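Chemist: One file is attached below, data_4.txt, containing compact mmCIF, C-alpha atoms and all ligand atoms.
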# COMPACT_ATOMS: atom_id res chain seq x y z
CA MET A 1 -74.82 -132.48 -40.20
CA PRO A 2 -74.82 -129.34 -38.08
CA GLY A 3 -75.44 -129.75 -34.38
CA VAL A 4 -78.61 -128.47 -32.76
CA ARG A 5 -77.56 -125.64 -30.48
CA GLU A 6 -79.34 -124.11 -27.58
CA GLY A 7 -78.19 -121.02 -25.75
CA TRP A 8 -75.59 -118.35 -26.23
CA SER A 9 -71.87 -118.10 -25.62
CA GLY A 10 -69.24 -115.41 -25.46
CA ALA A 11 -66.60 -113.88 -23.22
CA ALA A 12 -67.65 -111.99 -20.11
CA GLY A 13 -65.61 -109.87 -17.74
CA ALA A 14 -66.01 -110.27 -13.98
CA GLY A 15 -64.02 -107.84 -11.82
CA GLY A 16 -61.71 -107.11 -14.72
CA THR A 17 -60.97 -110.81 -15.27
CA ALA A 18 -62.00 -112.26 -18.60
CA ARG A 19 -64.01 -115.44 -18.38
CA LEU A 20 -65.17 -117.75 -21.12
CA VAL A 21 -68.90 -118.31 -21.10
CA PHE A 22 -70.37 -121.51 -22.50
CA ASP A 23 -74.10 -121.23 -22.47
CA VAL A 24 -74.65 -123.93 -25.05
CA ARG A 25 -75.89 -126.85 -23.00
CA ARG A 26 -76.85 -129.38 -25.65
CA LEU A 27 -75.29 -130.40 -28.94
CA ALA A 28 -77.04 -132.94 -31.13
CA GLY A 29 -75.58 -135.08 -33.91
CA PRO A 30 -77.07 -137.91 -35.96
CA THR A 31 -76.84 -140.53 -33.22
CA THR A 32 -75.49 -138.69 -30.22
CA LEU A 33 -76.71 -135.95 -27.92
CA LEU A 34 -74.36 -134.05 -25.62
CA ARG A 35 -75.91 -132.59 -22.47
CA PRO A 36 -74.79 -131.51 -18.99
CA TRP A 37 -74.16 -134.23 -16.44
CA ARG A 38 -77.07 -134.96 -14.08
CA ALA A 39 -77.13 -136.33 -10.52
CA ALA A 40 -78.82 -139.49 -11.80
CA ASP A 41 -75.75 -140.26 -13.99
CA ALA A 42 -73.51 -141.00 -10.99
CA GLY A 43 -73.81 -144.79 -11.25
CA VAL A 44 -72.83 -144.85 -14.93
CA LEU A 45 -69.96 -142.47 -14.31
CA ALA A 46 -68.59 -144.51 -11.40
CA GLY A 47 -68.81 -147.63 -13.56
CA ALA A 48 -66.79 -145.94 -16.31
CA TRP A 49 -64.18 -144.77 -13.82
CA ARG A 50 -63.70 -148.42 -12.75
CA ASP A 51 -63.07 -149.54 -16.35
CA PRO A 52 -59.35 -150.44 -16.67
CA ALA A 53 -59.27 -149.05 -20.23
CA ILE A 54 -60.34 -145.64 -18.94
CA ARG A 55 -58.16 -145.77 -15.83
CA GLU A 56 -55.15 -146.54 -18.03
CA ARG A 57 -55.63 -143.33 -19.99
CA LEU A 58 -57.29 -140.80 -17.72
CA ASP A 59 -56.96 -139.54 -14.18
CA VAL A 60 -59.95 -140.77 -12.21
CA PRO A 61 -60.82 -140.24 -8.51
CA GLU A 62 -59.85 -142.90 -6.01
CA PRO A 63 -61.98 -144.57 -4.80
CA ALA A 64 -63.97 -144.46 -8.05
CA ASP A 65 -67.30 -144.96 -6.32
CA GLU A 66 -70.74 -143.47 -6.73
CA ALA A 67 -70.19 -140.93 -3.95
CA ALA A 68 -67.13 -139.57 -5.78
CA ALA A 69 -69.08 -139.50 -9.04
CA SER A 70 -71.93 -137.59 -7.35
CA ARG A 71 -69.47 -135.06 -5.96
CA TRP A 72 -67.82 -134.62 -9.36
CA ILE A 73 -71.17 -134.12 -11.07
CA SER A 74 -72.32 -131.62 -8.43
CA GLN A 75 -69.19 -129.53 -9.10
CA ARG A 76 -69.73 -129.34 -12.87
CA GLU A 77 -72.24 -126.49 -12.82
CA ARG A 78 -69.97 -124.18 -10.85
CA ALA A 79 -66.94 -125.09 -12.98
CA TRP A 80 -69.02 -124.46 -16.12
CA ALA A 81 -70.38 -121.12 -14.87
CA GLY A 82 -66.93 -120.05 -13.68
CA GLY A 83 -65.31 -120.83 -17.02
CA ARG A 84 -62.96 -123.42 -15.48
CA SER A 85 -64.13 -126.48 -17.39
CA VAL A 86 -67.07 -127.65 -19.44
CA ASP A 87 -68.16 -131.29 -19.37
CA TRP A 88 -70.86 -132.83 -21.48
CA ALA A 89 -72.33 -136.28 -20.93
CA VAL A 90 -72.38 -138.11 -24.26
CA THR A 91 -75.72 -139.87 -24.66
CA ASP A 92 -77.16 -142.24 -27.22
CA THR A 93 -80.00 -140.29 -28.82
CA PRO A 94 -82.55 -143.06 -29.29
CA SER A 95 -82.20 -144.55 -25.80
CA GLY A 96 -80.95 -141.58 -23.77
CA VAL A 97 -78.28 -143.82 -22.19
CA VAL A 98 -75.07 -142.10 -21.08
CA ILE A 99 -72.25 -143.59 -23.17
CA GLY A 100 -69.34 -141.25 -22.55
CA GLU A 101 -67.89 -137.87 -21.76
CA VAL A 102 -66.37 -134.95 -23.67
CA GLY A 103 -64.83 -132.14 -21.67
CA LEU A 104 -62.97 -128.90 -22.19
CA SER A 105 -60.39 -127.97 -19.55
CA ARG A 106 -57.50 -125.54 -19.02
CA LEU A 107 -59.77 -122.85 -20.44
CA ASP A 108 -57.68 -119.79 -21.29
CA PRO A 109 -59.80 -116.67 -21.85
CA VAL A 110 -56.82 -114.60 -23.04
CA ARG A 111 -55.75 -117.02 -25.76
CA ARG A 112 -59.29 -118.34 -26.20
CA ALA A 113 -57.84 -121.83 -26.04
CA ALA A 114 -58.57 -125.08 -24.19
CA LEU A 115 -57.72 -128.76 -23.91
CA ILE A 116 -60.28 -131.36 -24.91
CA GLY A 117 -60.60 -134.89 -23.55
CA TRP A 118 -63.01 -137.79 -24.01
CA TRP A 119 -63.95 -141.35 -23.22
CA ILE A 120 -66.61 -143.76 -24.44
CA ALA A 121 -67.96 -146.57 -22.24
CA GLU A 122 -67.15 -150.20 -22.93
CA GLY A 123 -69.86 -151.71 -25.12
CA TRP A 124 -70.29 -148.50 -27.11
CA ARG A 125 -66.81 -148.32 -28.60
CA GLY A 126 -66.04 -148.86 -32.28
CA ARG A 127 -69.23 -147.17 -33.48
CA ARG A 128 -67.67 -143.77 -34.15
CA ARG A 129 -69.48 -142.28 -31.18
CA ALA A 130 -66.34 -140.61 -29.83
CA SER A 131 -65.60 -139.14 -33.26
CA GLU A 132 -69.13 -137.77 -33.53
CA ALA A 133 -69.13 -136.32 -30.00
CA VAL A 134 -65.72 -134.65 -30.32
CA ARG A 135 -66.59 -133.23 -33.73
CA LEU A 136 -69.86 -131.83 -32.36
CA VAL A 137 -67.97 -129.90 -29.68
CA LEU A 138 -65.21 -128.69 -32.00
CA ASP A 139 -67.56 -127.71 -34.82
CA TRP A 140 -69.55 -125.57 -32.43
CA VAL A 141 -66.87 -124.16 -30.18
CA LEU A 142 -64.57 -123.13 -33.06
CA ALA A 143 -67.30 -121.77 -35.32
CA ASP A 144 -69.92 -120.10 -33.12
CA GLY A 145 -68.46 -120.76 -29.68
CA PRO A 146 -65.88 -118.76 -27.72
CA LEU A 147 -62.61 -120.56 -28.59
CA ASP A 148 -60.00 -120.04 -31.29
CA ALA A 149 -57.92 -123.16 -30.62
CA VAL A 150 -58.46 -126.54 -28.98
CA MET A 151 -55.70 -129.05 -28.26
CA ALA A 152 -55.70 -132.70 -27.26
CA GLU A 153 -52.85 -134.62 -25.62
CA ILE A 154 -52.98 -138.31 -26.48
CA ASP A 155 -50.76 -141.16 -25.32
CA SER A 156 -48.54 -142.08 -28.24
CA ASP A 157 -49.77 -145.70 -28.15
CA ASN A 158 -53.47 -144.76 -28.06
CA GLN A 159 -54.17 -145.21 -31.75
CA ALA A 160 -57.94 -145.29 -31.34
CA SER A 161 -57.89 -141.88 -29.69
CA ALA A 162 -55.55 -140.47 -32.32
CA ALA A 163 -58.02 -141.70 -34.94
CA VAL A 164 -60.83 -139.94 -33.07
CA ALA A 165 -58.87 -136.67 -33.05
CA ARG A 166 -58.25 -136.91 -36.79
CA ARG A 167 -61.88 -137.76 -37.51
CA ALA A 168 -62.89 -134.69 -35.51
CA GLY A 169 -60.74 -132.47 -37.72
CA MET A 170 -57.68 -132.18 -35.50
CA ARG A 171 -54.14 -132.35 -36.82
CA ARG A 172 -51.02 -133.51 -35.08
CA VAL A 173 -48.97 -130.42 -34.28
CA ASP A 174 -46.03 -131.71 -32.31
CA ALA A 175 -43.49 -134.49 -32.27
CA SER A 176 -43.83 -137.06 -29.54
CA ARG A 177 -42.87 -135.55 -26.18
CA ARG A 178 -43.44 -136.03 -22.51
CA VAL A 179 -46.18 -133.97 -20.90
CA ALA A 180 -45.60 -133.48 -17.21
CA GLY A 181 -48.58 -134.26 -15.03
CA GLY A 182 -50.11 -136.97 -17.19
CA PRO A 183 -50.47 -140.52 -15.95
CA GLU A 184 -46.87 -141.61 -15.33
CA ASP A 185 -45.80 -138.67 -17.52
CA ALA A 186 -46.35 -140.88 -20.55
CA PRO A 187 -45.18 -139.77 -23.99
CA ARG A 188 -48.04 -137.91 -25.65
CA LEU A 189 -48.96 -136.72 -29.10
CA VAL A 190 -50.40 -133.23 -29.38
CA PHE A 191 -53.31 -132.59 -31.73
CA ALA A 192 -54.98 -129.25 -32.41
CA ARG A 193 -57.75 -127.65 -34.34
CA THR A 194 -58.17 -123.91 -34.76
CA ARG A 195 -60.97 -121.61 -35.75
CA THR A 196 -59.44 -121.03 -39.20
CA SER A 197 -59.30 -124.75 -39.89
CA ALA A 198 -62.72 -125.48 -38.39
CA GLY A 199 -64.51 -128.05 -40.47
CA SER A 200 -61.39 -129.35 -42.18
CA ARG A 201 -60.28 -132.94 -41.87
C1 LIG B 1 -60.46 -143.96 -27.45
C2 LIG B 1 -61.97 -144.10 -27.40
C3 LIG B 1 -62.56 -142.79 -26.88
C4 LIG B 1 -62.51 -144.37 -28.80
O1 LIG B 1 -63.92 -144.37 -28.74
P1 LIG B 1 -64.79 -144.97 -29.95
O2 LIG B 1 -66.18 -144.48 -29.82
O3 LIG B 1 -64.55 -146.43 -30.03
O4 LIG B 1 -64.08 -144.25 -31.16
P2 LIG B 1 -64.62 -144.20 -32.66
O5 LIG B 1 -65.44 -145.42 -32.94
O6 LIG B 1 -65.24 -142.86 -32.88
O7 LIG B 1 -63.28 -144.23 -33.49
C5 LIG B 1 -62.30 -145.12 -33.16
C6 LIG B 1 -61.28 -145.07 -34.28
O8 LIG B 1 -60.15 -145.73 -33.78
C7 LIG B 1 -59.86 -146.81 -34.63
N1 LIG B 1 -59.30 -147.82 -33.76
C8 LIG B 1 -59.89 -148.51 -32.79
N2 LIG B 1 -59.00 -149.31 -32.19
C9 LIG B 1 -57.84 -149.11 -32.82
C10 LIG B 1 -56.53 -149.64 -32.67
N3 LIG B 1 -56.25 -150.56 -31.72
N4 LIG B 1 -55.57 -149.21 -33.51
C11 LIG B 1 -55.83 -148.29 -34.45
N5 LIG B 1 -57.04 -147.73 -34.62
C12 LIG B 1 -58.02 -148.16 -33.81
C13 LIG B 1 -61.17 -147.19 -35.24
O9 LIG B 1 -60.98 -147.93 -36.43
C14 LIG B 1 -61.74 -145.82 -35.51
O10 LIG B 1 -61.13 -145.20 -36.62
P3 LIG B 1 -61.91 -145.11 -38.03
O11 LIG B 1 -63.18 -144.39 -37.73
O12 LIG B 1 -60.97 -144.32 -38.88
O13 LIG B 1 -62.13 -146.51 -38.46
C15 LIG B 1 -62.39 -145.26 -26.46
O14 LIG B 1 -61.73 -146.42 -26.87
C16 LIG B 1 -62.07 -145.00 -25.00
O15 LIG B 1 -62.84 -144.35 -24.30
N6 LIG B 1 -60.91 -145.50 -24.52
C17 LIG B 1 -60.52 -145.35 -23.12
C18 LIG B 1 -60.29 -143.89 -22.71
C19 LIG B 1 -59.43 -143.11 -23.67
O16 LIG B 1 -58.48 -143.62 -24.24
N7 LIG B 1 -59.76 -141.82 -23.80
C20 LIG B 1 -59.03 -140.93 -24.64
C21 LIG B 1 -57.89 -140.33 -23.90
S1 LIG B 1 -57.00 -139.19 -24.97
Could you write out this file's structure as structure tokens?

Modeler:
Amino acid sequence: MPGVREGWSGAAGAGGTARLVFDVRRLAGPTTLLRPWRAADAGVLAGAWRDPAIRERLDVPEPADEAAASRWISQRERAWAGGRSVDWAVTDTPSGVVIGEVGLSRLDPVRRAALIGWWIAEGWRGRRRASEAVRLVLDWVLADGPLDAVMAEIDSDNQASAAVARRAGMRRVDASRRVAGGPEDAPRLVFARTRTSAGSR
């Protein structure tokens, strides 16, 4: 089912420097709505950052408290507008509850490429919410949005996340390798999806 899209996106130049512009704020799937993070989400975000399953896989601020979450949320708008990163809160459509995050980072306006990352809160896992949310972003950003390629780096023992990448149409593109800068420089698998393969599984 196609996502509901609001806004416009493209590439804009500022002082001769290309910048990716993501003006699509909301993406809607059958059960999940992606929207920008709001100040009121800080408590949920801090709770997720304290979840050992998320801390094991992702870099989170320390201390992972509500003040840090508020700061992080308040920085999202500028990062989004500046083309540095784009972060959507994943919400459950019927209830409006925040259940996770999908974000694009390392945005490269020259190669029109980015990294994608995600998490789903405990209690909402195993319902294909991550798969739906990641697919919503990739379907839009590689069809009508400003990117030609999106990659994901996944710990080699994170089989659930690898399944999410595959369900969202990504393919493994590299042998297992170490990616410097990740938590403990763990071995990672690299997945990618490109504009030409958008929509494929
Ligand atoms: C990884 C994560 C995002 C998955 O979220 P989710 O909403 O439960 O994912 P989905 O329900 O969409 O899909 C999970 C898939 O993994 C599979 N899966 C779950 N646990 C698994 C396991 N231990 N081994 C193999 N596959 C597993 C499920 O069967 C499902 O695949 P299927 O749809 O083909 O049956 C969630 O567990 C999470 O946030 N973990 C902590 C943070 C994290 O790892 N983030 C990703 C960093 S790259």

Chemist: Name each residue within 8 Å of ligand LIG 1 (chain B), counting all atoms listed in the file, as a PyMOL selection string.

Modeler: chain A and resi 53-58+100+117-122+124-132+152-155+158-164+167

Chemist: Mind dumping the selected residues with C-alpha atoms as a compact mmCIF listing (two decimals), in the frame of the given file?

Modeler:
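Output file result19.txt follows:
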# COMPACT_ATOMS: atom_id res chain seq x y z
CA ALA A 53 -59.27 -149.05 -20.23
CA ILE A 54 -60.34 -145.64 -18.94
CA ARG A 55 -58.16 -145.77 -15.83
CA GLU A 56 -55.15 -146.54 -18.03
CA ARG A 57 -55.63 -143.33 -19.99
CA LEU A 58 -57.29 -140.80 -17.72
CA GLY A 100 -69.34 -141.25 -22.55
CA GLY A 117 -60.60 -134.89 -23.55
CA TRP A 118 -63.01 -137.79 -24.01
CA TRP A 119 -63.95 -141.35 -23.22
CA ILE A 120 -66.61 -143.76 -24.44
CA ALA A 121 -67.96 -146.57 -22.24
CA GLU A 122 -67.15 -150.20 -22.93
CA TRP A 124 -70.29 -148.50 -27.11
CA ARG A 125 -66.81 -148.32 -28.60
CA GLY A 126 -66.04 -148.86 -32.28
CA ARG A 127 -69.23 -147.17 -33.48
CA ARG A 128 -67.67 -143.77 -34.15
CA ARG A 129 -69.48 -142.28 -31.18
CA ALA A 130 -66.34 -140.61 -29.83
CA SER A 131 -65.60 -139.14 -33.26
CA GLU A 132 -69.13 -137.77 -33.53
CA ALA A 152 -55.70 -132.70 -27.26
CA GLU A 153 -52.85 -134.62 -25.62
CA ILE A 154 -52.98 -138.31 -26.48
CA ASP A 155 -50.76 -141.16 -25.32
CA ASN A 158 -53.47 -144.76 -28.06
CA GLN A 159 -54.17 -145.21 -31.75
CA ALA A 160 -57.94 -145.29 -31.34
CA SER A 161 -57.89 -141.88 -29.69
CA ALA A 162 -55.55 -140.47 -32.32
CA ALA A 163 -58.02 -141.70 -34.94
CA VAL A 164 -60.83 -139.94 -33.07
CA ARG A 167 -61.88 -137.76 -37.51

Chemist: For CA of Gly145 in chain A and CA of Thr194 in chain A, quote the distance in Å rounded to one decimal.

Modeler: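 Computing it gives 11.9 Å between the two atoms.
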
Chemist: I'd like the neighbourhood of Glu101 in chain A as a PyMOL selection string, where a residue qualifies if any of its atoms comes within 10 Å (using all atoms listed in the file), though same-chain residues fewer than 2 positions away should be ignored.

Modeler: chain A and resi 34-37+45+48+87-91+98-99+103+117-121+130+133-134

Chemist: For Ile116 in chain A, work out the shell of residues within 10 Å, counting only C-alpha atoms and skipping chain neighbours fewer than 3 positions away, then give it as a ChimeraX atom specification.

Modeler: /A:85-87,102-107,113,134,137-138,150-153,165,191-192

Chemist: Find, counting all atoms listed in the file, the residue in A:Ala46, A:Leu147, A:Ala81, A:Leu136 that gets nearest to Pro109 in chain A.

Modeler: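 Of the candidates, the smallest distance to Pro109 in chain A is held by A:Leu147.
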
Chemist: Taking only C-alpha atoms into account, name the residue in A:Pro52, A:Gly47, A:Pro30, A:Gly83 that is nearest to Ala69 in chain A.

Modeler: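 Of A:Pro52, A:Gly47, A:Pro30, A:Gly83, the one nearest Ala69 in chain A is A:Gly47, counting only C-alpha atoms.
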
Chemist: Restricting the calculation to only C-alpha atoms, which member of A:Arg166, A:Arg84, A:Arg50, A:Arg38 is positioned closest to Trp72 in chain A?

Modeler: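 When distances to Trp72 in chain A are compared using only C-alpha atoms, the smallest one comes from A:Arg38.
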
Chemist: For Asp92 in chain A, which residue out of A:Ile73, A:Ala67, A:Ala149, A:Ala28 is the nearest one, using only C-alpha atoms?

Modeler: A:Ala28
